[in-house]
Amino acid sequence: MEQRFIQRIELGGFRGLYGRIEFEKGLTLLVGPNCSGKTAVIEAIAYLVSVSYSNLRETHGYLMLLHAARGSLQHSLVSMVGDESEGARVSGVISGEESIVTFSRKQSYEAIGTMIKPVVELSAESSRRRCRILYRLEPGGLGFSFTGPCMEGETSLAVVTPGVYPYNMFDEIVGMAKRSSGSLWTVLSEGIIVDGKRYTIDIASDEWGSLATYVREDGGPLVSFYSVGRGLQRALIITAALEYADIVLIDEIESAMHPELLAEVARRVANAALRGKQVIITTQSLEAARFLAAALLNLPSKAWRRPEELIQALDKAEPKSLEALSVVVIDRDGQVLRAVTLRGPDAFDEIIRGEDVRMLYTLMVDEHG
């Protein structure tokens, strides 16, 4: 079966936002000012794909990771639906098929001794397969359950946030790779090269007898994955995600990464996009955007420093490379999302000739007055 991809996402009150964004196959850069709704769009896509198309046992951890990245699971969950009476919805078209996820919120109260505290129930249900997540936020914590055919995955999803992965989440991915995914395990065991040093992944028993992920630098001793720098952790997580997932969402790709490491990640993103994977990335960094453009044009990483070299390569680029890139600029006017999309040569041209990623926001003025 052909790999699915997101063509359109529409927010109807999700996190209080309304608006529609179009997407293409390959790599999409989602840029916009702070609080413009970039992360909300990533969350909306993650819910649409998870509840409508993926094995929720595998993807629900990513939903929780997105909420945790905001700082509080409970407050992030509650704020998905602002109005209890109206609810919210996320709709979209994935490979020509429309699906809707409807969100509802119900609040009651519970007496604990002399204290009366709220209990909030949130649900997300897909129109496509009647899969439903129910979250119950109680004074004592958070519980959730699934009903319906939520474990029948057709499309795999991976999400990488600026925050740190919960302990054991990457260990599970690595263990799965070694057990059942030869290509993913090959990629991880070959590792990544940064500043001439190769970092590879292995799994071994830790001091407490549990299997855990370890990193080896240039054939040296094994060190715990959780003891290396956050930038290297994110690079290895992205490397794995690009190999096994059909749709990869990366929030703030530049977070915690040295330029040399970012260049290596950009090369891997470009290779995945050219193979037909859909990768949607939020960024505030023109440097990151140029790394990605250079990688799509098959140029050395240092070419991002020389726009004239990028411009020359752009004139000679193959159509496949040009078609692999889109830039979506978003901002919001109150609750309404506004979006301008550049594709192919126009997207490359804006990235290469621009002096600051913020210049892209002037497109909003040109488009909407």
# chains A, B, ... in the order shown; residues from 1 in each chain; ligands from 1
call {"tool": "select_by_dssp", "arguments": {"residues": "stretch 206-325 of chain A", "states": "alpha helix (DSSP H)", "output": "PyMOL selection string"}}
result
chain A and resi 230-244+259-274+286-296+307-316+319-323
call {"tool": "residues_around", "arguments": {"residues": "A:Gly13", "least_positions_apart": "2", "cutoff": "9 Å", "atoms": "only C-alpha atoms", "output": "VMD selection string"}}
result
chain A and resid 11 15 to 19 80 to 83 86 to 90 335
call {"tool": "select_by_dssp", "arguments": {"residues": "stretch 210-259 of chain A", "states": "strand (DSSP E)", "output": "JSON, numbers by chain"}}
result
{"A": [211, 212, 213, 214, 215, 216, 217, 222, 223, 224, 247, 248, 249, 250]}
call {"tool": "write_last_selection", "arguments": {"atoms": "C-alpha atoms", "output": "PDB file, in the first residue's frame"}}
result
ATOM      1  CA  LEU A 211      18.169  -3.528  29.169  1.00  0.00           C
ATOM      2  CA  ALA A 212      19.047   0.055  28.300  1.00  0.00           C
ATOM      3  CA  THR A 213      20.405   2.068  25.378  1.00  0.00           C
ATOM      4  CA  TYR A 214      24.088   2.959  25.226  1.00  0.00           C
ATOM      5  CA  VAL A 215      26.183   5.196  22.978  1.00  0.00           C
ATOM      6  CA  ARG A 216      29.725   4.383  21.844  1.00  0.00           C
ATOM      7  CA  GLU A 217      32.083   7.095  20.531  1.00  0.00           C
ATOM      8  CA  LEU A 222      29.677   2.289  26.203  1.00  0.00           C
ATOM      9  CA  VAL A 223      28.047   5.224  27.988  1.00  0.00           C
ATOM     10  CA  SER A 224      24.389   5.559  28.874  1.00  0.00           C
ATOM     11  CA  ILE A 247       5.216  10.818   8.955  1.00  0.00           C
ATOM     12  CA  VAL A 248       7.809  12.575  11.131  1.00  0.00           C
ATOM     13  CA  LEU A 249       7.032  15.745  13.082  1.00  0.00           C
ATOM     14  CA  ILE A 250       9.983  17.689  14.532  1.00  0.00           C
TER      15      ILE A 250
END
call {"tool": "closest_residue", "arguments": {"among": "A:Asp349, A:Glu264, A:Asp206, A:Asp251", "to": "A:Leu29", "atoms": "only C-alpha atoms"}}
result
A:Asp251
call {"tool": "residues_around", "arguments": {"residues": "A:Arg4", "least_positions_apart": "6", "cutoff": "7 Å", "atoms": "only C-alpha atoms", "output": "JSON, numbers by chain"}}
result
{"A": [94, 95, 155]}
call {"tool": "residues_around", "arguments": {"residues": "stretch 98-110 of chain A", "least_positions_apart": "2", "cutoff": "7 Å", "atoms": "only C-alpha atoms", "output": "ChimeraX atom specification"}}
result
/A:48,81,84,87-94,96,112,116-128
call {"tool": "closest_atom_pairs", "arguments": {"of": "stretch 21-139 of chain A", "to": "stretch 266-283 of chain A", "cutoff": "7 Å", "atoms": "only C-alpha atoms", "output": "Markdown table"}}
result
| residue | atom | partner | partner_atom | distance |
| --- | --- | --- | --- | --- |
| A:Lys25 | CA | A:Gln278 | CA | 5.3 |
| A:Gly26 | CA | A:Ala273 | CA | 4.3 |
| A:Leu27 | CA | A:Val279 | CA | 4.9 |
| A:Thr28 | CA | A:Ile280 | CA | 4.8 |
| A:Leu29 | CA | A:Ile281 | CA | 5.0 |
| A:Leu30 | CA | A:Thr282 | CA | 4.6 |
| A:Val31 | CA | A:Thr283 | CA | 5.7 |
| A:Lys38 | CA | A:Thr282 | CA | 6.6 |
call {"tool": "residues_around", "arguments": {"residues": "A:Arg129", "least_positions_apart": "3", "cutoff": "10 Å", "atoms": "only C-alpha atoms", "output": "PyMOL selection string"}}
result
chain A and resi 51-53+99+125-126+132+148-150+152
call {"tool": "atom_distance", "arguments": {"atom1": "atom CA of A:Ser321", "atom2": "atom CA of A:Ala293"}}
result
9.3 Å
call {"tool": "residues_around", "arguments": {"residues": "A:Tyr62", "least_positions_apart": "6", "cutoff": "10 Å", "atoms": "only C-alpha atoms", "output": "NGL selection string"}}
result
:A and (43 or 46-47 or 50 or 56 or 68 or 157-161 or 165 or 169)
call {"tool": "write_last_selection", "arguments": {"atoms": "C-alpha atoms", "output": "PDB file, in the first residue's frame"}}
result
ATOM      1  CA  GLU A  43      -0.227  18.622  17.945  1.00  0.00           C
ATOM      2  CA  ALA A  46      -0.339  14.157  15.723  1.00  0.00           C
ATOM      3  CA  TYR A  47      -3.871  13.641  17.073  1.00  0.00           C
ATOM      4  CA  SER A  50      -2.765   8.827  15.866  1.00  0.00           C
ATOM      5  CA  LEU A  56      -2.397   4.065  19.362  1.00  0.00           C
ATOM      6  CA  ALA A  68       4.791  17.295  28.586  1.00  0.00           C
ATOM      7  CA  LEU A 157       4.064   8.426  13.202  1.00  0.00           C
ATOM      8  CA  ALA A 158       7.025   9.812  15.131  1.00  0.00           C
ATOM      9  CA  VAL A 159       7.247  13.104  17.025  1.00  0.00           C
ATOM     10  CA  VAL A 160      10.406  14.802  18.284  1.00  0.00           C
ATOM     11  CA  THR A 161       9.976  17.704  20.692  1.00  0.00           C
ATOM     12  CA  TYR A 165      12.380  11.921  25.958  1.00  0.00           C
ATOM     13  CA  MET A 169      10.935   5.495  25.516  1.00  0.00           C
TER      14      MET A 169
END
call {"tool": "atom_distance", "arguments": {"atom1": "atom CA of A:Ala69", "atom2": "atom CA of A:Pro162"}}
result
7.1 Å
call {"tool": "atom_distance", "arguments": {"atom1": "atom CA of A:Glu24", "atom2": "atom CA of A:Ala294"}}
result
19.5 Å
